[in-house]
>>> print(open('my_file.txt').read())   # compact mmCIF, C-alpha atoms
# COMPACT_ATOMS: atom_id res chain seq x y z
CA MET A 406 132.09 125.72 75.14
CA GLN A 407 131.50 122.61 73.09
CA LYS A 408 134.35 120.12 73.07
CA PRO A 409 135.73 119.17 69.67
CA THR A 410 134.76 115.70 68.51
CA ALA A 411 137.55 113.15 68.13
CA GLU A 412 138.36 112.40 64.52
CA PRO A 413 139.67 109.03 63.31
CA MET A 414 143.47 108.90 63.20
CA GLU A 415 145.26 107.53 60.13
CA PRO A 416 149.07 107.59 60.36
CA SER A 417 149.58 106.63 56.70
CA GLU A 418 148.05 109.95 55.57
CA GLN A 419 150.24 112.11 57.82
CA PHE A 420 153.73 113.51 57.31
CA CYS A 421 156.38 114.88 59.66
CA PRO A 422 156.25 118.71 59.75
CA ASN A 423 159.66 119.05 61.43
CA LEU A 424 161.89 120.95 59.00
CA THR A 425 165.06 119.39 60.46
CA CYS A 426 163.82 115.81 60.03
CA CYS A 427 165.22 113.75 57.14
CA ALA A 428 161.73 112.25 56.53
CA ARG A 429 159.78 115.51 56.46
CA GLY A 430 156.82 115.77 54.07
CA GLN A 431 156.75 112.03 53.27
CA ARG A 432 153.41 110.22 53.36
CA GLY A 433 152.89 106.48 53.60
CA GLN A 434 156.54 105.65 54.40
CA GLY A 435 155.80 104.06 57.78
CA ASN A 436 157.66 106.70 59.79
CA ILE A 437 154.52 108.12 61.48
CA ALA A 438 152.90 106.38 64.47
CA ILE A 439 150.05 107.28 66.82
CA HIS A 440 151.37 108.87 70.01
CA ASP A 441 148.17 109.79 71.88
CA ARG A 442 144.61 109.12 70.71
CA LYS A 443 143.01 111.27 73.39
CA ARG A 444 144.98 114.38 72.49
CA GLN A 445 145.14 113.51 68.77
CA ARG A 446 148.92 113.46 68.47
CA TYR A 447 151.32 111.61 66.17
CA ARG A 448 155.00 110.75 66.54
CA CYS A 449 157.72 110.59 63.92
CA LYS A 450 159.97 107.53 64.27
CA MET A 451 162.91 109.29 62.65
CA CYS A 452 163.22 112.50 64.67
CA LYS A 453 161.22 111.19 67.71
CA ARG A 454 159.11 114.35 67.85
CA THR A 455 155.36 114.51 68.34
CA PHE A 456 152.89 116.81 66.61
CA SER A 457 149.17 117.49 66.68
CA ALA A 458 146.76 116.13 64.09
CA ARG A 459 145.73 119.77 63.43
CA ARG A 460 149.27 120.92 62.73
CA GLY A 461 149.40 123.12 59.61
CA THR A 462 145.65 123.83 59.45
CA LEU A 463 143.30 126.61 60.52
CA PHE A 464 142.37 124.69 63.69
CA GLU A 465 145.91 124.40 65.08
CA GLY A 466 145.91 125.51 68.72
CA LEU A 467 142.15 126.26 68.81
CA ARG A 468 139.88 124.73 71.46
CA THR A 469 136.66 126.03 69.96
CA SER A 470 134.31 123.65 68.18
CA THR A 471 135.33 122.96 64.59
CA ASP A 472 131.76 123.42 63.36
CA LEU A 473 131.54 126.90 64.88
CA VAL A 474 134.86 127.98 63.34
CA VAL A 475 133.81 126.70 59.90
CA THR A 476 130.44 128.47 60.18
CA VAL A 477 132.07 131.79 61.09
CA VAL A 478 134.62 131.52 58.25
CA THR A 479 131.83 130.68 55.80
CA LEU A 480 129.95 133.82 56.79
CA LEU A 481 133.12 135.89 56.40
CA ALA A 482 133.76 134.39 52.95
CA PHE A 483 130.34 135.51 51.71
CA GLY A 484 130.36 139.12 52.90
CA CYS A 485 129.04 139.04 56.48
CA PRO A 486 130.62 141.83 58.56
CA VAL A 487 132.58 140.96 61.68
CA GLN A 488 130.24 143.01 63.90
CA ALA A 489 127.22 140.97 62.81
CA ILE A 490 128.98 137.69 63.65
CA VAL A 491 129.98 139.07 67.05
CA GLN A 492 126.38 139.92 67.88
CA ALA A 493 124.96 136.64 66.53
CA TYR A 494 127.37 134.18 68.18
CA LYS A 495 128.43 136.22 71.24
CA LEU A 496 132.10 136.06 70.32
CA ASP A 497 134.87 138.54 70.88
CA GLU A 498 135.67 140.74 67.90
CA ARG A 499 139.37 139.94 68.18
CA THR A 500 138.60 136.22 68.06
CA VAL A 501 136.63 136.57 64.83
CA ALA A 502 139.37 138.73 63.31
CA SER A 503 141.98 136.15 64.31
CA TRP A 504 140.00 133.34 62.64
CA ARG A 505 139.69 135.46 59.49
CA ASP A 506 143.44 136.05 59.33
CA ARG A 507 144.17 132.37 60.02
CA ALA A 508 141.81 131.33 57.23
CA GLY A 509 143.41 133.82 54.84
CA TRP A 510 146.93 132.54 55.54
CA GLN A 511 145.76 128.95 55.12
CA CYS A 512 144.13 129.78 51.76
CA GLN A 513 147.29 131.58 50.66
CA ARG A 514 149.35 128.44 51.30
CA VAL A 515 146.84 126.28 49.43
CA HIS A 516 146.85 128.73 46.51
CA GLN A 517 150.64 128.70 46.27
CA VAL A 518 150.86 124.90 46.41
CA ILE A 519 148.05 124.04 43.97
CA VAL A 520 147.58 127.02 41.60
CA GLU A 521 151.06 128.57 41.38
CA GLN A 522 152.82 125.47 40.05
CA GLY A 523 153.36 126.43 36.40
CA GLN A 524 150.96 123.82 35.00
CA LEU A 525 148.25 125.97 33.40
CA ASP A 526 147.85 126.82 29.73
CA LEU A 527 146.41 130.26 30.43
CA ILE A 528 145.59 131.30 26.81
CA HIS A 529 143.84 134.50 27.92
CA VAL A 530 144.42 136.50 31.11
CA GLN A 531 142.85 139.75 32.27
CA ALA A 532 144.28 141.99 35.02
CA ASP A 533 142.84 145.00 36.81
CA GLU A 534 143.08 146.82 40.13
CA ILE A 535 140.57 148.02 42.73
CA ARG A 536 140.81 151.28 44.63
CA VAL A 537 140.09 150.57 48.31
CA LYS A 538 139.02 153.33 50.70
CA ALA A 539 140.25 152.29 54.14
CA ARG A 540 140.50 154.17 57.41
CA SER A 541 142.93 157.08 57.07
CA MET A 542 144.45 155.60 53.89
CA VAL A 543 143.77 154.55 50.32
CA ALA A 544 144.99 151.13 49.17
CA TRP A 545 145.10 149.35 45.83
CA MET A 546 144.28 145.70 45.19
CA GLY A 547 145.53 144.14 41.94
CA LEU A 548 143.73 141.02 40.63
CA ALA A 549 144.20 138.66 37.70
CA MET A 550 142.11 135.80 36.34
CA MET A 551 142.17 133.14 33.63
CA VAL A 552 139.30 133.82 31.25
CA SER A 553 138.70 130.36 29.79
CA THR A 554 138.10 128.69 33.19
CA ARG A 555 137.36 131.80 35.32
CA LEU A 556 140.20 130.80 37.65
CA TRP A 557 141.49 133.49 40.00
CA LEU A 558 145.27 133.53 39.53
CA GLY A 559 146.32 135.80 42.37
CA GLY A 560 146.33 139.29 43.77
CA VAL A 561 148.44 141.83 45.65
CA VAL A 562 147.67 144.71 48.01
CA SER A 563 149.68 147.92 48.16
CA ARG A 564 149.37 151.45 49.48
CA THR A 565 150.51 152.93 46.15
CA ARG A 566 149.57 152.25 42.56
CA ASP A 567 153.06 151.98 41.15
CA THR A 568 155.23 149.68 39.05
CA SER A 569 155.95 147.45 42.05
CA LEU A 570 152.25 146.56 42.29
CA ALA A 571 152.14 145.52 38.63
CA ASP A 572 155.41 143.57 38.88
CA ARG A 573 154.23 141.55 41.88
CA LEU A 574 150.89 140.80 40.27
CA LEU A 575 152.39 139.65 36.97
CA SER A 576 154.99 137.52 38.77
CA GLN A 577 152.13 135.55 40.33
CA VAL A 578 150.56 135.09 36.90
CA ARG A 579 153.92 133.89 35.57
CA ALA A 580 154.13 131.32 38.40
CA CYS A 581 150.83 129.81 37.25
CA SER A 582 151.64 129.63 33.55
CA GLN A 583 153.42 127.03 31.49
CA ALA A 584 156.70 128.11 29.97
CA LEU A 585 156.74 129.68 26.50
CA CYS A 586 153.03 129.23 25.78
CA THR A 587 150.96 131.50 23.53
CA LEU A 588 149.26 133.99 25.81
CA LEU A 589 147.03 137.06 25.52
CA ILE A 590 146.93 139.52 28.43
CA CYS A 591 144.31 142.27 28.41
CA THR A 592 144.59 145.22 30.77
CA ASP A 593 143.29 148.74 31.13
CA GLY A 594 145.18 151.86 30.07
CA TRP A 595 147.57 151.98 33.03
CA ALA A 596 151.02 152.66 31.57
CA ALA A 597 152.85 150.33 34.02
CA TYR A 598 151.24 147.14 32.69
CA PRO A 599 153.08 146.60 29.34
CA GLY A 600 156.54 146.91 30.87
CA SER A 601 155.70 144.68 33.84
CA ILE A 602 154.24 142.03 31.53
CA LYS A 603 157.36 141.99 29.36
CA ARG A 604 159.60 141.72 32.42
CA ALA A 605 157.59 138.83 33.84
CA PHE A 606 157.25 136.79 30.64
CA ARG A 607 160.78 136.50 29.31
CA GLU A 608 163.41 133.77 29.24
CA LYS A 609 167.20 133.59 29.05
CA VAL A 610 168.53 133.01 25.53
CA LYS A 611 172.21 132.31 24.78
CA ARG A 612 172.99 133.81 21.38
CA THR A 613 176.77 133.26 21.25
CA ASN A 614 178.84 130.19 21.92
CA GLY A 615 181.34 130.01 24.71
CA ARG A 616 181.56 132.37 27.62
CA GLY A 617 179.18 135.29 27.96
CA ARG A 618 175.98 136.37 29.58
CA ALA A 619 172.63 135.18 28.24
CA CYS A 620 170.14 137.87 27.21
CA LEU A 621 166.51 138.02 28.28
CA GLU A 622 163.94 137.86 25.49
CA VAL A 623 160.16 138.20 25.64
CA TRP A 624 158.12 135.11 24.81
CA PRO A 625 157.46 134.94 21.07
CA GLY A 626 153.79 134.03 21.61
CA LEU A 627 153.03 136.87 24.04
CA GLN A 628 150.26 139.31 23.04
CA ILE A 629 149.37 142.40 25.11
CA GLY A 630 146.05 144.12 24.53
CA THR A 631 145.09 147.45 26.07
CA VAL A 632 141.53 148.71 26.59
CA ILE A 633 141.33 152.45 27.34
CA LYS A 634 138.01 153.90 28.47
CA HIS A 635 137.38 157.64 28.16
CA THR A 636 134.69 159.22 30.33
CA VAL A 637 132.98 162.59 30.27
CA LYS A 638 131.28 163.68 33.50
CA LYS A 639 131.61 160.12 34.89
CA ARG A 640 129.92 158.62 31.83
CA LEU A 641 131.59 156.39 29.29
CA SER A 642 132.10 158.22 26.03
CA GLU A 643 134.68 156.20 24.07
CA VAL A 644 136.56 152.88 24.24
CA VAL A 645 139.96 152.59 22.53
CA ARG A 646 141.31 149.09 21.89
CA GLN A 647 144.92 148.69 20.81
CA MET A 648 147.78 146.20 20.86
CA SER A 649 150.76 147.13 23.05
CA HIS A 650 152.70 144.07 21.93
CA GLY A 651 152.06 141.45 19.28
CA THR A 652 149.55 141.35 16.43
CA LEU A 653 145.80 141.76 16.41
CA GLU A 654 145.30 138.63 14.27
CA GLN A 655 147.00 136.39 16.83
CA ALA A 656 145.05 138.07 19.63
CA MET A 657 141.76 137.33 17.86
CA LEU A 658 142.70 133.65 17.59
CA LEU A 659 143.42 133.48 21.33
CA LEU A 660 140.14 135.26 22.08
CA ALA A 661 138.28 132.61 20.09
CA ARG A 662 140.09 129.77 21.88
CA SER A 663 139.28 131.15 25.33
CA GLN A 664 135.71 132.20 24.43
CA GLY A 665 136.55 135.63 25.80
CA GLY A 666 134.43 137.72 23.44
CA GLN A 667 134.67 139.10 19.93
CA MET A 668 137.05 141.98 20.69
CA LEU A 669 139.61 143.06 23.25
CA ASN A 670 137.93 143.61 26.64
CA THR A 671 138.37 143.48 30.41
CA SER A 672 134.80 142.59 31.26
CA PHE A 673 135.61 139.26 32.97
CA ILE A 674 138.02 140.71 35.50
CA GLU A 675 135.62 143.59 36.12
CA ARG A 676 132.88 141.10 36.97
CA PHE A 677 135.25 139.40 39.37
CA ASN A 678 135.99 142.80 40.92
CA GLY A 679 132.26 143.07 41.62
CA THR A 680 132.29 139.62 43.23
CA MET A 681 135.22 140.65 45.40
CA ARG A 682 133.47 143.85 46.50
CA GLU A 683 130.30 141.89 47.24
CA ARG A 684 131.94 139.20 49.38
CA LEU A 685 134.68 141.17 51.13
CA ALA A 686 132.89 143.36 53.65
CA THR A 687 135.78 145.84 53.96
CA LEU A 688 135.48 146.75 50.24
CA THR A 689 131.88 147.93 50.31
CA HIS A 690 131.33 151.65 49.74
CA LYS A 691 130.31 153.87 52.67
CA CYS A 692 130.59 151.15 55.33
CA ARG A 693 131.53 151.15 59.00
CA GLN A 694 133.81 148.10 58.78
CA ALA A 695 136.58 149.66 56.69
CA ALA A 696 140.01 148.07 56.99
CA GLN A 697 142.70 149.61 59.15
CA ARG A 698 145.62 147.44 57.99
CA LEU A 699 146.73 146.00 54.67
CA GLN A 700 146.91 142.56 56.25
CA VAL A 701 143.12 142.52 56.65
CA LEU A 702 142.68 143.18 52.93
CA GLU A 703 145.26 140.57 51.91
CA THR A 704 143.91 137.75 54.09
CA GLY A 705 140.34 138.52 53.07
CA MET A 706 141.35 138.55 49.40
CA TYR A 707 142.94 135.09 49.60
CA LEU A 708 139.99 133.69 51.55
CA ILE A 709 137.42 134.86 49.01
CA GLY A 710 139.58 134.01 46.00
CA SER A 711 140.23 130.44 47.20
CA VAL A 712 136.56 129.87 48.06
CA TYR A 713 135.67 131.19 44.60
CA ASN A 714 138.14 128.76 42.96
CA PHE A 715 137.47 125.57 44.91
CA CYS A 716 134.15 125.80 46.77
CA CYS A 717 131.66 127.44 44.37
CA PHE A 718 130.16 126.21 41.11
CA HIS A 719 130.38 128.74 38.29
CA GLN A 720 127.33 129.15 36.11
CA ALA A 721 129.32 129.90 32.94
CA LEU A 722 131.24 126.62 33.31
CA SER A 723 128.14 124.39 33.36
CA THR A 724 128.08 122.00 30.42
CA ARG A 725 125.65 119.34 29.24
CA ALA A 726 126.79 115.79 29.94
CA ALA A 727 126.71 113.28 27.09
CA GLY A 728 123.36 111.51 26.99
CA GLU A 729 121.83 113.72 29.68
CA ALA A 730 120.00 116.60 28.03
CA GLN A 731 118.33 117.78 31.24
CA ARG A 732 121.12 117.57 33.79
CA PRO A 733 124.01 120.06 33.40
CA LEU A 734 127.53 119.16 34.50
CA ARG A 735 128.53 121.83 37.01
CA GLN A 736 132.15 122.77 37.59
CA THR A 737 134.22 125.04 39.76
CA PRO A 738 137.07 127.09 38.24
CA ALA A 739 139.57 124.67 39.78
CA MET A 740 137.75 121.68 38.27
CA ALA A 741 137.64 123.33 34.84
CA SER A 742 141.40 124.01 35.07
CA GLY A 743 142.20 120.40 35.97
CA LEU A 744 143.49 121.22 39.46
CA THR A 745 140.91 119.02 41.25
CA ASP A 746 138.17 116.55 40.41
CA HIS A 747 135.49 117.43 42.97
CA LEU A 748 133.81 120.31 44.77
CA TRP A 749 135.70 121.23 47.92
CA SER A 750 133.90 122.03 51.13
CA LEU A 751 135.14 124.97 53.14
CA SER A 752 136.15 122.58 55.92
CA GLU A 753 138.33 120.69 53.44
CA LEU A 754 139.89 123.95 52.26
CA VAL A 755 140.91 125.16 55.73
CA SER A 756 142.05 121.64 56.77
CA TYR A 757 144.30 121.03 53.75
CA LYS A 758 147.84 120.30 54.93
CA VAL A 759 150.73 121.63 52.90
CA ALA A 760 153.71 119.26 53.05
CA PRO A 761 157.18 120.83 53.32
CA ALA A 762 159.77 120.23 50.64
CA PRO A 763 161.63 116.91 50.94
CA TRP A 764 164.88 116.92 52.89
CA VAL A 765 168.03 117.09 50.78
CA GLU A 766 171.37 116.06 52.21
CA PRO A 767 173.66 119.11 52.41
CA LYS A 768 176.60 119.14 50.06
CA ARG A 769 179.99 118.54 51.67
CA ARG A 770 182.47 121.35 51.25
CA GLY A 771 186.17 121.01 50.56
CA ARG A 772 188.25 118.48 48.70
CA PRO A 773 186.83 114.93 48.72
CA ARG A 774 188.80 112.22 50.46
CA ARG A 775 190.91 109.88 48.37
CA GLN A 776 189.58 106.33 48.35
CA LEU A 777 192.59 103.97 48.41
CA VAL A 778 192.00 100.29 47.70
CA ALA A 779 194.12 98.29 50.16
CA GLU A 780 195.46 94.86 49.23
CA PRO A 781 194.29 92.07 51.55
CA SER A 782 197.83 90.60 51.88
CA LEU A 783 199.37 93.82 53.23
CA PRO A 784 198.95 94.67 56.93
CA LYS A 785 196.85 97.64 57.82
CA ARG A 786 198.59 100.90 58.45
CA PRO A 787 198.51 101.85 62.13
CA ARG A 788 196.49 104.90 62.96
CA GLY A 789 197.83 107.96 64.72
CA ARG A 790 201.38 109.29 65.01
CA PRO A 791 204.33 106.91 64.69
CA ARG A 792 205.88 105.79 68.03
CA THR A 793 209.25 107.43 68.82
CA ARG A 794 209.98 105.74 72.19
CA PRO A 795 210.39 101.95 72.54
CA LEU A 796 207.79 99.90 74.29
CA PRO A 797 208.47 99.20 78.01
CA ASP A 798 209.93 95.80 78.96
CA PRO A 799 207.19 93.71 80.57
CA ASN A 800 209.78 91.91 82.85
CA MET A 801 210.99 95.15 84.45
CA PRO A 802 209.12 96.33 87.55
CA LYS A 803 206.86 99.28 86.99
CA ARG A 804 207.92 102.69 88.22
CA PRO A 805 205.82 103.82 91.15
CA ARG A 806 203.54 106.69 90.35
CA GLY A 807 203.03 109.81 92.36
CA ARG A 808 205.09 111.35 95.15
CA PRO A 809 207.53 108.94 96.93
CA ARG A 810 206.51 107.75 100.37
CA LYS A 811 208.17 109.49 103.37
CA ILE A 812 210.34 107.29 105.55
CA PRO A 813 210.77 108.36 109.20
CA LEU A 814 214.32 109.30 110.35
CA SER A 815 214.21 106.88 113.27
CA THR A 816 214.56 103.93 110.95
CA PHE A 817 218.08 105.09 110.02
CA THR A 818 219.31 106.23 113.51
CA GLY A 819 218.03 103.29 115.52
>>> encode(input="my_file.txt", output="structure tokens")
Amino acid sequence: MQKPTAEPMEPSEQFCPNLTCCARGQRGQGNIAIHDRKRQRYRCKMCKRTFSARRGTLFEGLRTSTDLVVTVVTLLAFGCPVQAIVQAYKLDERTVASWRDRAGWQCQRVHQVIVEQGQLDLIHVQADEIRVKARSMVAWMGLAMMVSTRLWLGGVVSRTRDTSLADRLLSQVRACSQALCTLLICTDGWAAYPGSIKRAFREKVKRTNGRGRACLEVWPGLQIGTVIKHTVKKRLSEVVRQMSHGTLEQAMLLLARSQGGQMLNTSFIERFNGTMRERLATLTHKCRQAAQRLQVLETGMYLIGSVYNFCCFHQALSTRAAGEAQRPLRQTPAMASGLTDHLWSLSELVSYKVAPAPWVEPKRRGRPRRQLVAEPSLPKRPRGRPRTRPLPDPNMPKRPRGRPRKIPLSTFTG
């Protein structure tokens, strides 16, 4: 086994991961020091605890070479089955599956911290679901993407195709969006989508003065388009496009802004569904690596979606730079959305550390103490209970303590 190479240690770029520390999540505050260079450990000066340099990454607790782990995760992110990696690198199948799940959880944390921050002007969103044939079960995977920048906004996995699946998916889209922006959402003909969209994109509005509960109202700029495809003998025969909420004129304006076509469609999310089926080995039809648990589908979905957002240039986002007619300016979906300014490597993605929320001093309960301003001329009030017995006289002999000493009888009779 190849030993991992020692990386340079920089305390100013680290933060304390201890959730009970008052300096948790703070970088560059001088509270982090190097504890051990050989074992790559840091120490927090506030809570006096040590932590590894790999804490909060994919490589935490792993002794395998970093290059080998990154190579295996790269192959998994581009559709290589687990069995092929096992045969090629002579690894245990459970080890490869564990690295895949670790990478998926790491990408999920990165997605929640960077994408789901309510900073995006979505303009046009498309949502769809994939039917997944797994071992002894059928699962559903809901996906959503931003059309103008091709950014994957999130996804959910469920055993049933019900309202809960649509609610969870649209809540992730709502977490990415700016508040009260004009937005067009195009979906297929599933009846659960319009209600879930209206529940996700609404705000509290207080209509009356004084006491009373605020009512929830749908965003005024929300437009919901539905594309229903009718098939005859598994062949497309008719496409019905209609507005479930809003006006068609406003929807056409949003389509033009996002460059999402000339009419209502779901073609962009369907192309992403094909990318997901191509790169996630457990989604391929008639395969021998079908998933047995929903966790495998969820971790694989986040791994592929994050690699698609941060680590791959998108051909449709390539633009010509000013003054350079021959050289196109390539972008990833995250770069086009303003979330980053460079192409991420997969090693950077799985090594990204998510800082915990800053520590907030807990609020004291009960009535606050009264702050009395004492005059300097007055003597201070003695603490404790007032004395009821007088002080002993220092000239009087002290009373002996304990049991009195025994005097022999002979001293009195002799």
>>> closest_residue(input="my_file.txt", among="A:Gln522, A:Gln431, A:Gln577, A:Thr793", to="A:Ala549", atoms="all atoms listed in the file")
A:Gln577
>>> residues_around(input="my_file.txt", residues="A:Leu548", least_positions_apart="4", cutoff="6 Å", atoms="only C-alpha atoms", output="list in words")
Ala532, Asp533, Glu534 and Gly560 of chain A
>>> residues_around(input="my_file.txt", residues="A:Glu753", least_positions_apart="6", cutoff="12 Å", atoms="all atoms listed in the file", output="MDAnalysis selection string")
chainID A and resid 462:464 471 475 508 511:512 515 711:712 715:716 747
>>> closest_residue(input="my_file.txt", among="A:Arg775, A:Ile528, A:Cys449, A:Leu574", to="A:Ser663", atoms="only C-alpha atoms")
A:Ile528
>>> residues_around(input="my_file.txt", residues="stretch 483-490 of chain A", least_positions_apart="6", cutoff="9 Å", atoms="all atoms listed in the file", output="PyMOL selection string")
chain A and resi 477+496+498+501-502+682-687+694+709
>>> closest_residue(input="my_file.txt", among="A:Arg444, A:Pro738, A:Leu744, A:Gly705", to="A:Val478", atoms="all atoms listed in the file")
A:Gly705
>>> residues_near_point(input="my_file.txt", point="(129.3, 125.3, 35.2)", cutoff="7 Å", atoms="all atoms listed in the file", output="short mmCIF file (atom, residue, chain, number, x, y, z; two decimals) with C-alpha atoms, in the coordinates of the input")
data_model
loop_
_atom_site.label_atom_id
_atom_site.label_comp_id
_atom_site.auth_asym_id
_atom_site.auth_seq_id
_atom_site.Cartn_x
_atom_site.Cartn_y
_atom_site.Cartn_z
CA PHE A 718 130.16 126.21 41.11
CA HIS A 719 130.38 128.74 38.29
CA GLN A 720 127.33 129.15 36.11
CA ALA A 721 129.32 129.90 32.94
CA LEU A 722 131.24 126.62 33.31
CA SER A 723 128.14 124.39 33.36
CA THR A 724 128.08 122.00 30.42
CA LEU A 734 127.53 119.16 34.50
CA ARG A 735 128.53 121.83 37.01
CA GLN A 736 132.15 122.77 37.59
CA THR A 737 134.22 125.04 39.76
#
>>> closest_residue(input="my_file.txt", among="A:Ser576, A:Thr568, A:Thr745, A:Gln583", to="A:Ala596", atoms="all atoms listed in the file")
A:Thr568
>>> atom_distance(input="my_file.txt", atom1="atom CA of A:Thr652", atom2="atom CA of A:Gln628")
7.0 Å
>>> residues_around(input="my_file.txt", residues="A:Glu418", least_positions_apart="4", cutoff="9 Å", atoms="all atoms listed in the file", output="PDB file with C-alpha atoms, in the frame of the given file")
ATOM      1  CA  MET A 414     143.470 108.900  63.200  1.00  0.00           C
ATOM      2  CA  ARG A 432     153.410 110.220  53.360  1.00  0.00           C
ATOM      3  CA  GLY A 433     152.890 106.480  53.600  1.00  0.00           C
ATOM      4  CA  ILE A 437     154.520 108.120  61.480  1.00  0.00           C
TER       5      ILE A 437
END
>>> closest_residue(input="my_file.txt", among="A:Met706, A:Ile633, A:Leu796, A:Val759", to="A:Val518", atoms="only C-alpha atoms")
A:Val759
>>> closest_residue(input="my_file.txt", among="A:Lys443, A:Arg772, A:Lys609, A:Arg540", to="A:Trp624", atoms="only C-alpha atoms")
A:Lys609
>>> atom_distance(input="my_file.txt", atom1="atom CA of A:Glu412", atom2="atom CA of A:Arg442")
9.4 Å
